[in-house]
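This report refers to the structure that appears directly beneath it.
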Amino acid sequence: MSIEVYRDAWGIPHLRAGSARELAYAQGRNAATDRAWQIEVERHRSQGTTAAFLGAEAVGWDRFVRQARVEDTARRCFARLDADTAAWVSSYVDGVNAGLREGQPRSPEFAATGLVPGQWQPWTPLGIWLSTHILFAGFPTKLWREEVARALGNASVELFATDGPGTSGSNGWLVTGGRTVTGAPLIAGDPHRFIEDPGVYQQIHLACPEFDVVGLAVPGVPGIGHFGHTGSVAWAITNAMADYQDLYREQLRRNDARVEALGPDGWRPAAVHVETVEVAGADPVDVEVIETDRGPVIIGGPDEEYAISLRCPPRVREDLGFGALPELLRATTVADVDRAFDRWAEPVNVVQAADTEGGLLHRVAGAVPLRHRDNQLRVVPAWEAGHEWRGWHAPLPREDVDDVAVMANQRGLAGPLGVEFAAPHRADRIRQLLEESAAWSAKGMAAVHTDTHLASARPLLDLLAGLDGLSPDAVRLREALLRWDRRMDATSTEAAAFAALRSAVVRRLAACPELARLAEPPAYPETFLPWLALVPKVAYALEGLLTTALLPGIDRAEVVRAAVEDIAAHEAARSRTPATWGETHRLLPWQAVPGAAQEEWPGLSGDHDCVLSTSSVPGLTDLSARGPAARYVWDLARREDSLWVVPLGASGVPGGAHYRDQLPLWVRGELLPVVTDWNHLTLTEENHDF
């Protein structure tokens, strides 16, 4: 069978084949030609072999992946797949291996690092999926809560509870036909992740006699798991913010060549072996890999003061939920999508779906263990009974959809399954905007995607309003901020002034004696440091820290007073026009190998708690490394009226016509049409036989 590769005007691949297996091969080959460098980096990340070409800075990640047994877990999960799904995944891998030879010379990063593409194994896509999502549930937050309890007492354990920079969230909303111009539902939203170069989502169209699906694929993984439209049914997800990974404090000892771990039933042998991490430009690093009855040891060991193991569902169940992926491609109704997501495992998501027959869906999908509440909050002692897993939450929560349904990582549908959720501001604002009209169209959704109102500014502005005895410059700044419309627009000088004040407050709060004792966490591995850094924790918990009664020794009004005086004096000393938010709030995507020349990335509107969630770290930087990794609108009236955009472009080939051509649109909040008519596409010379 000849596989046909089409492109639209934006270089987006549209693949057509004679069967689902042939199409999986085509998708793998396309990923290798369009994204060769990206998917090879992800393969090495899943294996813990990135330091071999990226150098010593990558050793921390490689050590964690080795100790967490990511690749071994992927092997086990692949071995448990049903035969049809395993053959489908294997076909994708065959396509990757066939395409890497073509993709390598198009990607100069290979030559720059000396990396030669390697051989993908059938389980490699599962390893990529697991390494991409293993930190999604934010288990290192439990390490932070331990430090808060040590420094401030057990009553303060949840003092910093908030959706912080170490987690990934999203916006999503479903508008029923009663509020649309067509009478058919719309599903829209944007996943918030670290913006990567190339992008973490690939726009793609997959068609064969069994199905015809458009959606956002994860390069290196077959199918369309998160956001898709088959013509008759569409679906989308957000992070449910569930807690489904546990940390156990282990007592380990050596007994000759063996390592033993103390459990509720006494000392038990642990599995142990040594792996070597090769490091470009440096000596190799040996990593002792230990696994107890709870799970792999990811911190410490038998020769250190402490050891902590990680227990996570894919390792326990030997299931990543890949059986859902081909079922989603074949779905024609909401009931089909619902059944497919019954097989979902990792990560735990909130799902929305709608079909052309009137079906609607709003549910949680994934694997969440049943266990003691303490497991969710803290690191628990492995040797005490009562912390074992006792099965799985089932059925998972779901709600009927009436009028509109909104998912934005807020406490709500998934509330019984988690501890920390996003503040309700994004969800409340989306619902407010949607309820203002009964005539929504796909194009109209851009106004929701790009809304910049910052409700979380209120506590700081309330404290500012109550200050007296300020200097004239500080009074002028205060009055300007109190008149401000609270929109974090790139062109706004008031937004820039507020951000400067907020950062000054964050730094001053972090320096207060009550919190400063949290500034030096234990010597945990560097992979976990983003969850243990005090200034970001203060920044993302600022609303609560400005209003809580748990820190009576901090005079918040005086903190704000000192901060506003500092900012006012600084602004008065400047000899130029006041800065705008977009001057400092610029995109800063992650690149495995940054370009030789310093790039000038665009200024952005939005902020962490805006619907347009472009996150910086107040107190440290205004640069935005995390934001909408894609935007989509699925129209159930006519799929060809659907819209989408990604931050950079369809291609991962530097210098190519479609490498960054969507960036200006993404910055402006514009969306591209989803083209599904093959007569409006260009047949390329990339066709090949399966």
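Every chain in the structure tokens takes a letter, A first, then B, and so on in the order presented; its residues are numbered from 1, and the ligands are numbered from 1 following the presented order.
Close contacts of Arg294 (chain A), defined as residues with an atom at most 9 Å away when counting only C-alpha atoms, with chain neighbours fewer than 6 positions off set aside, comprise Leu247, Tyr248, Gly263, Ser309, Leu310, Arg311, Ala382 and Glu388 of chain A.
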Neighbours of Leu434 (chain A) within 8 Å (only C-alpha atoms; same-chain residues fewer than 3 positions away dropped), as an NGL selection string?
-> :A and (175 or 404 or 430-431 or 437 or 448)
Which is closest to Ser615 (chain A) among A:Ile195, A:Ala217, A:Ala439, A:Val259, if we use only C-alpha atoms?
-> A:Ile195
List the neighbours of region 14-19 of chain A out to 10 Å using only C-alpha atoms; skip same-chain residues closer than 2 positions along the sequence, and give me the result as JSON, numbers by chain.
-> {"A": [1, 2, 3, 4, 5, 6, 7, 8, 11, 12, 21, 22, 23, 24, 25, 26, 27, 30, 203, 204, 205, 206, 207, 208, 209, 210, 211, 212, 213, 214, 675, 676, 678, 681, 682, 683, 687, 689, 690]}
Next, the residues of the selection above should be written as an mmCIF file, in the first residue's frame with N, CA and C atoms.
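Printed below is selection-v3.cif as written:
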data_model
loop_
_atom_site.group_PDB
_atom_site.id
_atom_site.type_symbol
_atom_site.label_atom_id
_atom_site.label_comp_id
_atom_site.auth_asym_id
_atom_site.auth_seq_id
_atom_site.Cartn_x
_atom_site.Cartn_y
_atom_site.Cartn_z
ATOM 1 N N MET A 1 0.853 -1.200 0.000
ATOM 2 C CA MET A 1 0.000 0.000 0.000
ATOM 3 C C MET A 1 0.886 1.246 0.000
ATOM 4 N N SER A 2 0.583 2.186 -0.838
ATOM 5 C CA SER A 2 1.311 3.445 -0.873
ATOM 6 C C SER A 2 0.726 4.400 0.156
ATOM 7 N N ILE A 3 1.596 4.969 0.964
ATOM 8 C CA ILE A 3 1.181 5.947 1.964
ATOM 9 C C ILE A 3 1.296 7.334 1.357
ATOM 10 N N GLU A 4 0.260 8.140 1.516
ATOM 11 C CA GLU A 4 0.223 9.473 0.933
ATOM 12 C C GLU A 4 0.422 10.527 2.020
ATOM 13 N N VAL A 5 1.314 11.468 1.743
ATOM 14 C CA VAL A 5 1.593 12.566 2.659
ATOM 15 C C VAL A 5 1.196 13.865 1.972
ATOM 16 N N TYR A 6 0.248 14.559 2.570
ATOM 17 C CA TYR A 6 -0.203 15.846 2.080
ATOM 18 C C TYR A 6 0.242 16.925 3.073
ATOM 19 N N ARG A 7 0.288 18.156 2.619
ATOM 20 C CA ARG A 7 0.555 19.310 3.480
ATOM 21 C C ARG A 7 -0.444 20.408 3.156
ATOM 22 N N ASP A 8 -0.795 21.186 4.187
ATOM 23 C CA ASP A 8 -1.588 22.377 3.928
ATOM 24 C C ASP A 8 -0.656 23.575 3.819
ATOM 25 N N GLY A 11 2.169 23.820 6.325
ATOM 26 C CA GLY A 11 3.086 22.698 6.453
ATOM 27 C C GLY A 11 2.598 21.593 7.360
ATOM 28 N N ILE A 12 1.360 21.652 7.800
ATOM 29 C CA ILE A 12 0.815 20.638 8.708
ATOM 30 C C ILE A 12 0.649 19.331 7.946
ATOM 31 N N ARG A 21 -2.577 0.206 10.854
ATOM 32 C CA ARG A 21 -1.169 -0.100 11.063
ATOM 33 C C ARG A 21 -0.292 0.660 10.082
ATOM 34 N N GLU A 22 -0.716 0.713 8.821
ATOM 35 C CA GLU A 22 0.050 1.474 7.836
ATOM 36 C C GLU A 22 0.087 2.953 8.199
ATOM 37 N N LEU A 23 -1.019 3.441 8.728
ATOM 38 C CA LEU A 23 -1.078 4.842 9.121
ATOM 39 C C LEU A 23 -0.175 5.116 10.327
ATOM 40 N N ALA A 24 -0.106 4.175 11.260
ATOM 41 C CA ALA A 24 0.809 4.333 12.398
ATOM 42 C C ALA A 24 2.253 4.408 11.907
ATOM 43 N N TYR A 25 2.584 3.563 10.925
ATOM 44 C CA TYR A 25 3.914 3.627 10.324
ATOM 45 C C TYR A 25 4.156 5.002 9.705
ATOM 46 N N ALA A 26 3.164 5.505 8.981
ATOM 47 C CA ALA A 26 3.296 6.820 8.346
ATOM 48 C C ALA A 26 3.474 7.914 9.388
ATOM 49 N N GLN A 27 2.736 7.836 10.498
ATOM 50 C CA GLN A 27 2.859 8.851 11.542
ATOM 51 C C GLN A 27 4.241 8.802 12.172
ATOM 52 N N ASN A 30 6.717 10.272 9.695
ATOM 53 C CA ASN A 30 6.580 11.726 9.626
ATOM 54 C C ASN A 30 7.203 12.396 10.849
ATOM 55 N N GLN A 203 0.318 19.472 15.229
ATOM 56 C CA GLN A 203 -0.951 19.413 14.508
ATOM 57 C C GLN A 203 -0.843 18.332 13.431
ATOM 58 N N ILE A 204 -1.850 17.493 13.337
ATOM 59 C CA ILE A 204 -1.755 16.378 12.393
ATOM 60 C C ILE A 204 -3.151 15.914 11.984
ATOM 61 N N HIS A 205 -3.215 15.278 10.818
ATOM 62 C CA HIS A 205 -4.453 14.704 10.270
ATOM 63 C C HIS A 205 -4.129 13.271 9.888
ATOM 64 N N LEU A 206 -4.850 12.310 10.450
ATOM 65 C CA LEU A 206 -4.617 10.890 10.232
ATOM 66 C C LEU A 206 -5.860 10.262 9.626
ATOM 67 N N ALA A 207 -5.722 9.626 8.455
ATOM 68 C CA ALA A 207 -6.893 9.058 7.782
ATOM 69 C C ALA A 207 -6.571 7.698 7.179
ATOM 70 N N CYS A 208 -7.503 6.780 7.346
ATOM 71 C CA CYS A 208 -7.454 5.455 6.731
ATOM 72 C C CYS A 208 -8.898 4.976 6.619
ATOM 73 N N PRO A 209 -9.169 3.831 6.013
ATOM 74 C CA PRO A 209 -10.570 3.391 5.902
ATOM 75 C C PRO A 209 -11.303 3.269 7.238
ATOM 76 N N GLU A 210 -10.577 3.065 8.343
ATOM 77 C CA GLU A 210 -11.215 2.886 9.641
ATOM 78 C C GLU A 210 -11.569 4.196 10.333
ATOM 79 N N PHE A 211 -10.839 5.273 10.060
ATOM 80 C CA PHE A 211 -11.097 6.538 10.757
ATOM 81 C C PHE A 211 -10.447 7.690 10.009
ATOM 82 N N ASP A 212 -10.850 8.892 10.395
ATOM 83 C CA ASP A 212 -10.304 10.131 9.837
ATOM 84 C C ASP A 212 -10.313 11.145 10.979
ATOM 85 N N VAL A 213 -9.124 11.462 11.530
ATOM 86 C CA VAL A 213 -9.029 12.238 12.768
ATOM 87 C C VAL A 213 -8.039 13.384 12.583
ATOM 88 N N VAL A 214 -8.408 14.559 13.074
ATOM 89 C CA VAL A 214 -7.450 15.654 13.204
ATOM 90 C C VAL A 214 -7.223 15.891 14.690
ATOM 91 N N VAL A 675 -7.951 22.320 8.067
ATOM 92 C CA VAL A 675 -8.277 21.897 6.707
ATOM 93 C C VAL A 675 -8.433 20.376 6.691
ATOM 94 N N THR A 676 -9.564 19.889 6.203
ATOM 95 C CA THR A 676 -9.791 18.447 6.136
ATOM 96 C C THR A 676 -10.136 17.966 4.730
ATOM 97 N N TRP A 678 -9.258 16.992 1.256
ATOM 98 C CA TRP A 678 -8.025 16.586 0.592
ATOM 99 C C TRP A 678 -7.789 17.369 -0.700
ATOM 100 N N LEU A 681 -5.478 20.324 -0.176
ATOM 101 C CA LEU A 681 -4.151 20.000 0.331
ATOM 102 C C LEU A 681 -3.208 19.686 -0.819
ATOM 103 N N THR A 682 -1.923 19.745 -0.545
ATOM 104 C CA THR A 682 -0.909 19.489 -1.568
ATOM 105 C C THR A 682 -0.263 18.136 -1.331
ATOM 106 N N LEU A 683 -0.367 17.257 -2.326
ATOM 107 C CA LEU A 683 0.298 15.967 -2.246
ATOM 108 C C LEU A 683 1.795 16.175 -2.417
ATOM 109 N N ASN A 687 5.799 10.513 -0.264
ATOM 110 C CA ASN A 687 5.037 9.275 -0.241
ATOM 111 C C ASN A 687 5.975 8.067 -0.338
ATOM 112 N N ASP A 689 6.120 3.389 0.199
ATOM 113 C CA ASP A 689 5.402 2.125 0.357
ATOM 114 C C ASP A 689 5.650 1.560 1.744
ATOM 115 N N PHE A 690 4.614 0.971 2.293
ATOM 116 C CA PHE A 690 4.692 0.374 3.629
ATOM 117 C C PHE A 690 5.271 -1.033 3.502
#
Do a neighbour search on Phe421 (chain A) at 10 Å with only C-alpha atoms, toss out local chain neighbours closer than 2 positions, and write the hits as JSON, numbers by chain.
-> {"A": [161, 162, 163, 164, 169, 239, 240, 241, 242, 408, 409, 410, 411, 412, 414, 415, 418, 419, 423, 424]}
Based on the selection just made, write N, CA and C atoms of those residues as an mmCIF file, in the first residue's frame.
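Contents of out-v8.cif, freshly written:
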data_model
loop_
_atom_site.group_PDB
_atom_site.id
_atom_site.type_symbol
_atom_site.label_atom_id
_atom_site.label_comp_id
_atom_site.auth_asym_id
_atom_site.auth_seq_id
_atom_site.Cartn_x
_atom_site.Cartn_y
_atom_site.Cartn_z
ATOM 1 N N ALA A 161 -0.274 25.919 49.376
ATOM 2 C CA ALA A 161 -1.026 25.150 48.389
ATOM 3 C C ALA A 161 -1.461 26.030 47.227
ATOM 4 N N THR A 162 -1.001 25.679 46.057
ATOM 5 C CA THR A 162 -1.361 26.409 44.840
ATOM 6 C C THR A 162 -0.792 25.666 43.651
ATOM 7 N N ASP A 163 -1.297 25.970 42.488
ATOM 8 C CA ASP A 163 -0.753 25.433 41.256
ATOM 9 C C ASP A 163 0.504 26.210 40.929
ATOM 10 N N GLY A 164 1.663 25.598 41.106
ATOM 11 C CA GLY A 164 2.922 26.309 40.925
ATOM 12 C C GLY A 164 3.608 25.983 39.620
ATOM 13 N N GLY A 169 -0.909 22.614 33.772
ATOM 14 C CA GLY A 169 -2.364 22.684 33.778
ATOM 15 C C GLY A 169 -2.890 23.020 32.398
ATOM 16 N N ASN A 239 -5.273 18.710 33.001
ATOM 17 C CA ASN A 239 -4.706 18.022 34.161
ATOM 18 C C ASN A 239 -5.721 18.071 35.305
ATOM 19 N N ALA A 240 -6.081 16.903 35.828
ATOM 20 C CA ALA A 240 -7.063 16.841 36.914
ATOM 21 C C ALA A 240 -6.502 17.292 38.253
ATOM 22 N N MET A 241 -5.191 17.456 38.347
ATOM 23 C CA MET A 241 -4.517 17.828 39.597
ATOM 24 C C MET A 241 -4.730 16.773 40.680
ATOM 25 N N ALA A 242 -4.944 15.527 40.258
ATOM 26 C CA ALA A 242 -5.101 14.434 41.208
ATOM 27 C C ALA A 242 -3.752 14.088 41.830
ATOM 28 N N ALA A 408 -10.334 24.006 34.445
ATOM 29 C CA ALA A 408 -9.127 24.834 34.479
ATOM 30 C C ALA A 408 -8.296 24.503 35.708
ATOM 31 N N ASN A 409 -8.224 23.187 36.027
ATOM 32 C CA ASN A 409 -7.393 22.685 37.130
ATOM 33 C C ASN A 409 -7.889 23.130 38.498
ATOM 34 N N GLN A 410 -9.117 23.642 38.561
ATOM 35 C CA GLN A 410 -9.667 24.117 39.826
ATOM 36 C C GLN A 410 -10.187 22.951 40.657
ATOM 37 N N ARG A 411 -10.325 23.183 41.955
ATOM 38 C CA ARG A 411 -10.962 22.192 42.813
ATOM 39 C C ARG A 411 -12.424 22.089 42.399
ATOM 40 N N GLY A 412 -12.892 20.899 42.206
ATOM 41 C CA GLY A 412 -14.261 20.709 41.733
ATOM 42 C C GLY A 412 -14.475 19.249 41.432
ATOM 43 N N ALA A 414 -12.595 16.911 40.279
ATOM 44 C CA ALA A 414 -11.555 16.009 40.763
ATOM 45 C C ALA A 414 -11.179 16.262 42.220
ATOM 46 N N GLY A 415 -11.937 17.100 42.908
ATOM 47 C CA GLY A 415 -11.609 17.471 44.277
ATOM 48 C C GLY A 415 -11.305 16.311 45.207
ATOM 49 N N GLY A 418 -7.447 14.875 44.940
ATOM 50 C CA GLY A 418 -6.223 15.651 45.018
ATOM 51 C C GLY A 418 -6.077 16.434 46.297
ATOM 52 N N VAL A 419 -5.002 17.204 46.367
ATOM 53 C CA VAL A 419 -4.691 18.040 47.520
ATOM 54 C C VAL A 419 -4.598 19.498 47.097
ATOM 55 N N ALA A 423 -5.943 28.014 41.669
ATOM 56 C CA ALA A 423 -6.924 28.984 42.156
ATOM 57 C C ALA A 423 -8.097 29.026 41.181
ATOM 58 N N PRO A 424 -9.291 29.383 41.643
ATOM 59 C CA PRO A 424 -10.475 29.308 40.781
ATOM 60 C C PRO A 424 -10.581 30.415 39.750
#
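CA of Arg561 (chain A) to CA of Leu515 (chain A) spans 18.7 Å [interatomic distance, one decimal].
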Between CA of Leu328 (chain A) and CA of Gly225 (chain A), what is the spacing in Å?
->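 Going from CA of Gly225 (chain A) over to CA of Leu328 (chain A) covers 7.3 Å.
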Pick out the residues sitting within 7 Å of Trp235 (chain A), and hand them over as a PyMOL selection string; count only C-alpha atoms, and ignore anything fewer than 6 positions along from it in its own chain.
-> chain A and resi 227-229+352-354
For the residues selected in the previous step, produce a file with N, CA and C atoms as a compact mmCIF listing (two decimals), in the first residue's frame.
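Listed below is the output, selection-v8.txt:
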# COMPACT_ATOMS: atom_id res chain seq x y z
N PHE A 227 -6.20 15.76 22.40
CA PHE A 227 -7.14 16.68 21.75
C PHE A 227 -7.39 16.18 20.34
N GLY A 228 -8.63 15.78 20.04
CA GLY A 228 -8.90 15.23 18.72
C GLY A 228 -10.33 15.43 18.27
N HIS A 229 -10.54 15.33 16.95
CA HIS A 229 -11.86 15.50 16.34
C HIS A 229 -11.96 14.50 15.19
N GLN A 352 -13.41 16.24 28.45
CA GLN A 352 -14.68 16.73 27.90
C GLN A 352 -14.82 16.21 26.49
N ALA A 353 -16.04 15.88 26.11
CA ALA A 353 -16.30 15.40 24.75
C ALA A 353 -17.72 15.76 24.35
N ALA A 354 -17.93 15.85 23.05
CA ALA A 354 -19.26 16.11 22.50
C ALA A 354 -19.33 15.45 21.13
Near Pro522 (chain A), within 12 Å and counting only C-alpha atoms, which residues show up once chain neighbours fewer than 2 positions away are dropped, as a list of chain:residue names?
->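 Selected residues are A:Leu143, A:Trp144, A:Glu146, A:Glu147, A:Arg150, A:Ile299, A:Gly300, A:Glu305, A:Tyr306, A:Arg517, A:Leu518, A:Ala519, A:Glu520, A:Tyr524, A:Pro525, A:Glu526, A:Phe528, A:Leu529, A:Leu532, A:Ala533.
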Residue subset to file, keeping N, CA, C and O atoms, as a compact mmCIF listing (two decimals), in the first residue's frame:
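The result, stored in result02.txt:
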# COMPACT_ATOMS: atom_id res chain seq x y z
N LEU A 143 7.85 16.72 49.35
CA LEU A 143 9.13 17.08 49.98
C LEU A 143 9.06 18.49 50.55
O LEU A 143 9.56 18.76 51.65
N TRP A 144 8.42 19.39 49.79
CA TRP A 144 8.26 20.77 50.26
C TRP A 144 7.39 20.83 51.52
O TRP A 144 7.71 21.53 52.48
N GLU A 146 7.08 18.62 53.75
CA GLU A 146 7.89 18.16 54.88
C GLU A 146 8.72 19.31 55.44
O GLU A 146 8.84 19.47 56.67
N GLU A 147 9.28 20.12 54.57
CA GLU A 147 10.09 21.25 55.02
C GLU A 147 9.23 22.31 55.70
O GLU A 147 9.65 22.91 56.69
N ARG A 150 8.46 21.08 59.14
CA ARG A 150 9.63 21.18 60.00
C ARG A 150 9.87 22.62 60.46
O ARG A 150 10.18 22.86 61.64
N ILE A 299 15.78 9.09 46.05
CA ILE A 299 16.56 10.03 46.86
C ILE A 299 17.32 9.22 47.91
O ILE A 299 16.74 8.37 48.60
N GLY A 300 18.62 9.50 48.03
CA GLY A 300 19.40 8.87 49.08
C GLY A 300 19.68 7.40 48.81
O GLY A 300 19.52 6.88 47.71
N GLU A 305 22.00 9.55 54.91
CA GLU A 305 21.19 9.81 56.09
C GLU A 305 19.73 9.40 55.90
O GLU A 305 19.04 9.03 56.84
N TYR A 306 19.26 9.48 54.67
CA TYR A 306 17.86 9.18 54.41
C TYR A 306 17.74 8.54 53.04
O TYR A 306 18.66 8.59 52.20
N ARG A 517 13.63 30.70 56.90
CA ARG A 517 14.20 29.43 57.32
C ARG A 517 13.93 28.31 56.31
O ARG A 517 14.50 27.23 56.39
N LEU A 518 13.02 28.60 55.34
CA LEU A 518 12.73 27.63 54.27
C LEU A 518 13.62 27.83 53.06
O LEU A 518 13.47 27.13 52.06
N ALA A 519 14.53 28.79 53.12
CA ALA A 519 15.32 29.13 51.94
C ALA A 519 16.37 28.08 51.60
O ALA A 519 16.81 28.00 50.46
N GLU A 520 16.77 27.28 52.58
CA GLU A 520 17.80 26.27 52.34
C GLU A 520 17.23 24.88 52.59
O GLU A 520 17.28 24.36 53.70
N TYR A 524 18.48 17.64 48.39
CA TYR A 524 17.79 16.71 47.50
C TYR A 524 18.35 16.82 46.09
O TYR A 524 18.97 17.83 45.72
N PRO A 525 18.14 15.81 45.23
CA PRO A 525 18.62 15.90 43.84
C PRO A 525 18.08 17.14 43.13
O PRO A 525 16.97 17.59 43.38
N GLU A 526 18.88 17.65 42.20
CA GLU A 526 18.55 18.91 41.54
C GLU A 526 17.26 18.85 40.74
O GLU A 526 16.61 19.88 40.52
N PHE A 528 14.49 17.99 41.69
CA PHE A 528 13.37 18.38 42.53
C PHE A 528 13.46 19.81 43.05
O PHE A 528 12.55 20.29 43.73
N LEU A 529 14.53 20.51 42.73
CA LEU A 529 14.73 21.85 43.29
C LEU A 529 13.65 22.85 42.89
O LEU A 529 13.32 23.73 43.70
N LEU A 532 11.21 23.13 45.55
CA LEU A 532 11.74 23.42 46.88
C LEU A 532 12.31 24.82 47.00
O LEU A 532 12.82 25.19 48.06
N ALA A 533 12.21 25.60 45.94
CA ALA A 533 12.76 26.96 45.95
C ALA A 533 11.76 27.90 46.61
O ALA A 533 10.59 27.96 46.22
Tell me which of A:Leu463, A:Val667, A:Ala87, A:Leu370 sits closest to Pro313 (chain A), counting only C-alpha atoms.
-> A:Leu370
Give the strand (DSSP E or B) residues of region 514-686 of chain A, as DSSP finds them on the backbone, and put them as a PDB file with C-alpha atoms, in the first residue's frame.
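Result went into result.pdb, see below:
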ATOM      1  CA  ARG A 586       8.842  37.758  27.013  1.00  0.00           C
ATOM      2  CA  LEU A 587       8.634  34.222  25.759  1.00  0.00           C
ATOM      3  CA  TRP A 590      13.068  25.489  26.458  1.00  0.00           C
ATOM      4  CA  GLY A 603       6.667  40.157  24.483  1.00  0.00           C
ATOM      5  CA  SER A 615       3.577  32.130  33.521  1.00  0.00           C
ATOM      6  CA  SER A 616       6.641  33.872  34.840  1.00  0.00           C
ATOM      7  CA  VAL A 617       8.107  33.531  38.346  1.00  0.00           C
ATOM      8  CA  THR A 621      11.965  36.820  36.418  1.00  0.00           C
ATOM      9  CA  ASP A 622       9.224  38.230  34.190  1.00  0.00           C
ATOM     10  CA  LEU A 623      10.258  35.886  31.365  1.00  0.00           C
ATOM     11  CA  SER A 624       7.628  33.310  30.489  1.00  0.00           C
ATOM     12  CA  ALA A 625       8.723  29.707  30.018  1.00  0.00           C
ATOM     13  CA  ARG A 626       5.243  28.236  30.352  1.00  0.00           C
ATOM     14  CA  GLY A 627       1.994  29.034  28.592  1.00  0.00           C
ATOM     15  CA  PRO A 628      -0.467  27.753  25.980  1.00  0.00           C
ATOM     16  CA  ARG A 631      -4.925  26.468  21.228  1.00  0.00           C
ATOM     17  CA  TYR A 632      -7.862  24.667  19.671  1.00  0.00           C
ATOM     18  CA  VAL A 633     -11.569  25.041  18.963  1.00  0.00           C
ATOM     19  CA  TRP A 634     -13.443  21.901  17.917  1.00  0.00           C
ATOM     20  CA  ASP A 635     -16.696  22.692  16.073  1.00  0.00           C
ATOM     21  CA  LEU A 643      -9.445  26.158  14.493  1.00  0.00           C
ATOM     22  CA  TRP A 644      -6.008  25.623  16.012  1.00  0.00           C
ATOM     23  CA  VAL A 645      -2.556  27.124  16.480  1.00  0.00           C
ATOM     24  CA  LEU A 672      -5.672  28.809  11.834  1.00  0.00           C
ATOM     25  CA  PRO A 673      -8.450  26.926  10.036  1.00  0.00           C
ATOM     26  CA  THR A 682      -0.909  19.489  -1.568  1.00  0.00           C
ATOM     27  CA  LEU A 683       0.298  15.967  -2.246  1.00  0.00           C
TER      28      LEU A 683
END
Quick one: DSSP helix (DSSP H, G or I) residues in region 298-438 of chain A, as a PyMOL selection string?
-> chain A and resi 313-317+324-330+334-341+373-377+415-417+425-434
Near region 89-92 of chain A, counting only C-alpha atoms, which residues have an atom at most 12 Å away, once you skip same-chain residues fewer than 2 positions from it, shown as a ChimeraX atom specification?
-> /A:19-32,78-79,81-87,94-99,120-126,219-223,322-323,325-326,690
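Atom pair CA of Asn349 (chain A) / CA of Arg75 (chain A) has a distance of 23.5 Å (rounded to one decimal).
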Find, counting only C-alpha atoms, the residue in A:Tyr540, A:Tyr201, A:Phe64, A:Trp173 that gets nearest to Ile290 (chain A).
-> A:Phe64
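Closest to Arg556 (chain A) among A:Ala394, A:Leu467, A:Ala324, A:Val334 is A:Leu467, based on only C-alpha atoms.
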